[in-house]
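Heads up: the structure comes next, in structure tokens.
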Amino acid sequence: MEIKQGRRSFLRSAGAAGLAAAAGRIGSAAERANSDAGARQFHCEQIDVFTSRRLEGNPLAVFTDARGLSDDEMQALARETNLQETTFVFPRDAATESEQGLKVRIFVTDQEIPFGGHPTLGTAMVLRDMRLVSQKSGATKSAGVDKITLDLKVGKVPVDFRRDESGEIFGEMHQVDPKFGAVHDREAMTSLLDLSPSDISSDAPIQTVWTGLYFIIVPIKTLATLQRLKTARAKAYEYLSRQKLPGLADFYYVTRDTGDPAIGLRTRGLFSTSEDPATGSASGCTAAWMVRYGIAQPEQTVHILQGVEIKRPSHIFVRASKDGDTVKNVRVGGHAVPIMQGTYSL
């Protein structure tokens with residue numbers, strides 16, 4: 001009887017404690033609701049870019065109306081999302097947007113950047129979908145959904161949309177015309193990157209290229225070598241800093257040894273702190289580099305596969321034009337798929 005009575009007492013006390021805890025949770029929820037009622041609300045869409053399959057490609061957070069956010073708040077939100085990039089859209093009147101494009105700012109976790117490939121394509125996809133919904137609801141009749149032009153720090157970047165052979169929406173951005181920089185010594189570069197001379201392909205030079213951001217394109221001879229690469233060591237970034245490039249710069253590794261005739265290049269964006277699943281800005285540089293050195297013909301679409309090594313396969317499609325010796329009209333395209341939406345309260 002004493003044991004049974006003790007058990008009953010325990011259950012009663014446990015039940016009372018549970019009710020008290022539940023009441024505390026309800027009270028806390030009510031306090032949070034009251035607190036959020038006075039907070040500023042900012043809608044955010046998350047989208048996987050350069051893929052048509054969720055949980056692949058490169059994720060991006062898009063704040064669809066960032067009016068009222070300060071620079072410090074945008075930077076803090078970029079840290080909060082903790083993605084490779086976060087974008088902030090600043091709606092303007094229809095006439096201004098028609099003339100100048102939709103104003104967008106791009107942040108990584110520690111700074112604002114003037115351009116990014118997957119942020120541009122992903123943001124344009126989100127804005128296209130929003131415009132399409134607005135049209136269907138009858139809210140607007142004039143805005144098109146075949147082209148979205150973004151007004152970025154680097155300038156105006158149009159993104160064209162079409163349905164591909166599978167019926168999926170395909171977006172293609174027109175990056176700014178390329179600039180070709182220094183050609184780098186092969187022996188010196190192999191030492192910096194802990195490679196042997198035989199690891200570097202002789203198809204084309206190691207060269208700095210810019211289509212909004214600077215990348216040193218490093219051609220790797222075999223897929224096996226590409227797969228075993230690790231983040232470049234400090235000495236490589238010391239060399240990069242000595243280049244005195246006016247903006248962000250990094251290395252981008254490419255190989256024609258893909259093991260799949262449908263894939264033109266396998267690539268990796270191994271940066272100083274992490275690996276990028278899809279680097280659309282570097283892919284644009286690579287498209288210009290390929291056309292300049294005859295690895296790809298003008299207007300030839302090359303299918304780039306990146307992110308396999310970190311289980312985020314990304315499919316990037318690039319092409320570029322050529323007028324005499326001048327490479328221009330660099331285009332980088334792919335698919336994107338929405339995965340999440342929500343509201344941030346500040």
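Residue numbering restarts at 1 in every chain; chains get A, B, ... in the order shown in the structure tokens, and ligands count up from 1 in that same order.
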Could you make a table, as a Markdown table, of the residues of region 181-233 of chain A that have an atom within 12 Å of an atom of region 296-305 of chain A, each with its nearest atom pair and distance in Å to one decimal, counting only C-alpha atoms, in chain and number order?
```
| residue | atom | partner | partner_atom | distance |
| --- | --- | --- | --- | --- |
| A:Asp203 | CA | A:Ala296 | CA | 11.5 |
| A:Ala204 | CA | A:Ala296 | CA | 11.5 |
| A:Leu223 | CA | A:Leu305 | CA | 11.8 |
```
Set the distance at 12 Å and use only C-alpha atoms: which residues neighbour region 319-327 of chain A once local chain neighbours fewer than 2 positions away are removed? I'd like the list as a PyMOL selection string. chain A and resi 172-180+209-211+264+283-304+316-317+329-334
A:Tyr253, A:Phe90, A:Phe271, A:Phe107 ranked by distance to Ala232 (chain A), top pick (using only C-alpha atoms):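 Nearest candidate to Ala232 (chain A) out of A:Tyr253, A:Phe90, A:Phe271, A:Phe107: A:Phe271.
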Under the rule of at most 12 Å, produce a per-residue listing of region 231-273 of chain A near region 310-315 of chain A: chain, number, name, the closest pair of atoms, and the distance in Å, as a Markdown table, using only C-alpha atoms.
```
| residue | atom | partner | partner_atom | distance |
| --- | --- | --- | --- | --- |
| A:Ala262 | CA | A:His315 | CA | 11.3 |
| A:Ile263 | CA | A:His315 | CA | 9.2 |
| A:Gly264 | CA | A:His315 | CA | 10.9 |
| A:Leu265 | CA | A:His315 | CA | 10.3 |
| A:Arg266 | CA | A:His315 | CA | 9.9 |
| A:Thr267 | CA | A:Ser314 | CA | 10.0 |
| A:Arg268 | CA | A:Ile310 | CA | 9.9 |
| A:Gly269 | CA | A:Ile310 | CA | 10.8 |
| A:Leu270 | CA | A:Ile310 | CA | 10.7 |
```
Output N, CA and C atoms of each residue in that selection to a file, as a compact mmCIF listing (two decimals), in the first residue's frame.
```
# COMPACT_ATOMS: atom_id res chain seq x y z
N ALA A 262 27.92 13.65 -71.67
CA ALA A 262 26.92 14.73 -71.60
C ALA A 262 27.41 15.91 -70.76
N ILE A 263 28.48 15.70 -69.99
CA ILE A 263 29.02 16.75 -69.12
C ILE A 263 30.29 17.30 -69.75
N GLY A 264 30.31 18.59 -70.00
CA GLY A 264 31.48 19.19 -70.63
C GLY A 264 32.61 19.46 -69.67
N LEU A 265 32.28 19.85 -68.44
CA LEU A 265 33.28 20.14 -67.42
C LEU A 265 32.80 19.67 -66.06
N ARG A 266 33.72 19.16 -65.25
CA ARG A 266 33.50 19.01 -63.82
C ARG A 266 34.31 20.11 -63.15
N THR A 267 33.71 20.74 -62.15
CA THR A 267 34.37 21.88 -61.51
C THR A 267 34.23 21.81 -60.00
N ARG A 268 35.08 22.57 -59.31
CA ARG A 268 34.96 22.74 -57.86
C ARG A 268 35.28 24.18 -57.49
N GLY A 269 34.47 24.71 -56.58
CA GLY A 269 34.71 26.02 -56.00
C GLY A 269 35.17 25.83 -54.58
N LEU A 270 36.46 25.56 -54.41
CA LEU A 270 37.05 25.34 -53.09
C LEU A 270 37.60 26.66 -52.60
```
Restricting the calculation to only C-alpha atoms: of A:Arg186, A:Arg53, A:Lys153, A:Arg131, which residue gets closest to Ile113 (chain A)? A:Lys153
Using DSSP secondary structure from the backbone, list all strand (DSSP E or B) positions within region 91-192 of chain A, as a ChimeraX atom specification. /A:102-107,112-113,147-152,155-163,169-174,179-184
Take the selection from the previous step and output its residues with N, CA and C atoms, as a short mmCIF file (atom, residue, chain, number, x, y, z; two decimals), in the first residue's frame.
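Below is the file out23.cif, written as the result:
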```
data_model
loop_
_atom_site.label_atom_id
_atom_site.label_comp_id
_atom_site.auth_asym_id
_atom_site.auth_seq_id
_atom_site.Cartn_x
_atom_site.Cartn_y
_atom_site.Cartn_z
N LEU A 102 15.15 45.70 -61.31
CA LEU A 102 14.76 45.51 -59.92
C LEU A 102 16.01 45.57 -59.05
N LYS A 103 16.01 46.47 -58.10
CA LYS A 103 17.20 46.68 -57.27
C LYS A 103 17.39 45.53 -56.29
N VAL A 104 18.58 44.94 -56.34
CA VAL A 104 18.91 43.79 -55.48
C VAL A 104 20.31 43.98 -54.92
N ARG A 105 20.46 43.68 -53.64
CA ARG A 105 21.78 43.68 -53.01
C ARG A 105 22.10 42.27 -52.52
N ILE A 106 23.36 41.89 -52.64
CA ILE A 106 23.81 40.53 -52.35
C ILE A 106 24.80 40.55 -51.20
N PHE A 107 24.56 39.70 -50.21
CA PHE A 107 25.45 39.60 -49.05
C PHE A 107 25.91 38.17 -48.87
N GLU A 112 29.07 42.56 -48.12
CA GLU A 112 28.27 42.70 -49.33
C GLU A 112 29.17 42.49 -50.55
N ILE A 113 28.63 41.85 -51.60
CA ILE A 113 29.40 41.63 -52.81
C ILE A 113 28.64 42.23 -54.00
N LYS A 147 11.37 37.78 -68.98
CA LYS A 147 12.65 38.41 -68.65
C LYS A 147 12.51 39.20 -67.36
N ILE A 148 13.51 39.03 -66.48
CA ILE A 148 13.63 39.84 -65.27
C ILE A 148 15.02 40.48 -65.32
N THR A 149 15.07 41.80 -65.19
CA THR A 149 16.36 42.49 -65.17
C THR A 149 16.65 42.96 -63.76
N LEU A 150 17.80 42.55 -63.24
CA LEU A 150 18.20 42.95 -61.90
C LEU A 150 19.18 44.11 -61.98
N ASP A 151 19.01 45.05 -61.07
CA ASP A 151 19.91 46.18 -60.93
C ASP A 151 20.84 45.87 -59.77
N LEU A 152 22.05 45.40 -60.08
CA LEU A 152 23.02 44.97 -59.08
C LEU A 152 24.13 46.00 -58.94
N GLY A 155 26.01 46.34 -62.06
CA GLY A 155 25.27 46.87 -63.20
C GLY A 155 24.00 46.08 -63.46
N LYS A 156 23.38 46.33 -64.60
CA LYS A 156 22.14 45.65 -64.96
C LYS A 156 22.45 44.26 -65.51
N VAL A 157 21.74 43.25 -64.98
CA VAL A 157 21.93 41.87 -65.42
C VAL A 157 20.57 41.30 -65.80
N PRO A 158 20.31 41.14 -67.10
CA PRO A 158 19.03 40.53 -67.52
C PRO A 158 19.06 39.02 -67.35
N VAL A 159 17.92 38.46 -67.00
CA VAL A 159 17.76 37.01 -66.91
C VAL A 159 16.56 36.63 -67.77
N ASP A 160 16.81 35.82 -68.79
CA ASP A 160 15.75 35.36 -69.69
C ASP A 160 15.22 34.02 -69.21
N PHE A 161 13.92 33.79 -69.46
CA PHE A 161 13.28 32.54 -69.05
C PHE A 161 12.61 31.87 -70.25
N ARG A 162 12.68 30.55 -70.25
CA ARG A 162 11.99 29.77 -71.28
C ARG A 162 11.73 28.38 -70.71
N ARG A 163 10.86 27.65 -71.38
CA ARG A 163 10.66 26.25 -71.01
C ARG A 163 11.61 25.38 -71.82
N ILE A 169 11.00 25.35 -66.31
CA ILE A 169 11.46 26.71 -66.53
C ILE A 169 12.97 26.77 -66.38
N PHE A 170 13.60 27.34 -67.40
CA PHE A 170 15.06 27.48 -67.45
C PHE A 170 15.39 28.96 -67.49
N GLY A 171 16.26 29.41 -66.61
CA GLY A 171 16.67 30.81 -66.58
C GLY A 171 18.10 30.95 -67.05
N GLU A 172 18.37 32.04 -67.78
CA GLU A 172 19.72 32.27 -68.29
C GLU A 172 20.09 33.74 -68.09
N MET A 173 21.12 33.99 -67.30
CA MET A 173 21.55 35.37 -67.03
C MET A 173 22.61 35.80 -68.04
N HIS A 174 22.59 37.08 -68.38
CA HIS A 174 23.61 37.67 -69.24
C HIS A 174 24.60 38.40 -68.36
N LYS A 179 36.67 40.38 -68.58
CA LYS A 179 38.00 40.97 -68.63
C LYS A 179 38.99 39.85 -68.34
N PHE A 180 40.03 39.77 -69.16
CA PHE A 180 41.05 38.74 -68.98
C PHE A 180 42.27 39.37 -68.33
N GLY A 181 42.68 38.78 -67.21
CA GLY A 181 43.79 39.33 -66.46
C GLY A 181 45.06 38.53 -66.64
N ALA A 182 45.83 38.44 -65.57
CA ALA A 182 47.16 37.84 -65.62
C ALA A 182 47.10 36.35 -65.95
N VAL A 183 48.11 35.91 -66.72
CA VAL A 183 48.36 34.48 -66.92
C VAL A 183 49.40 34.07 -65.89
N HIS A 184 49.14 32.99 -65.19
CA HIS A 184 49.96 32.62 -64.03
C HIS A 184 50.93 31.49 -64.38
#
```
Assign secondary structure with DSSP using the backbone only, and return the residues of region 21-264 of chain A in helix (DSSP H, G or I) as a PyMOL selection string. chain A and resi 21-37+71-81+94-100+117-136+186-192+197-199+223-228+234-242
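The gap separating CA of Leu60 (chain A) from CA of Thr87 (chain A) is 7.7 Å, in Å to one decimal.
Nearest to Arg256 (chain A) of all the residues A:Lys244, A:Lys221, A:Lys328, A:His118 is A:Lys221, based on only C-alpha atoms.
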Using CA of Val89 (chain A) and CA of Val133 (chain A) as the two end points, give the distance in Å to one decimal. 17.3 Å
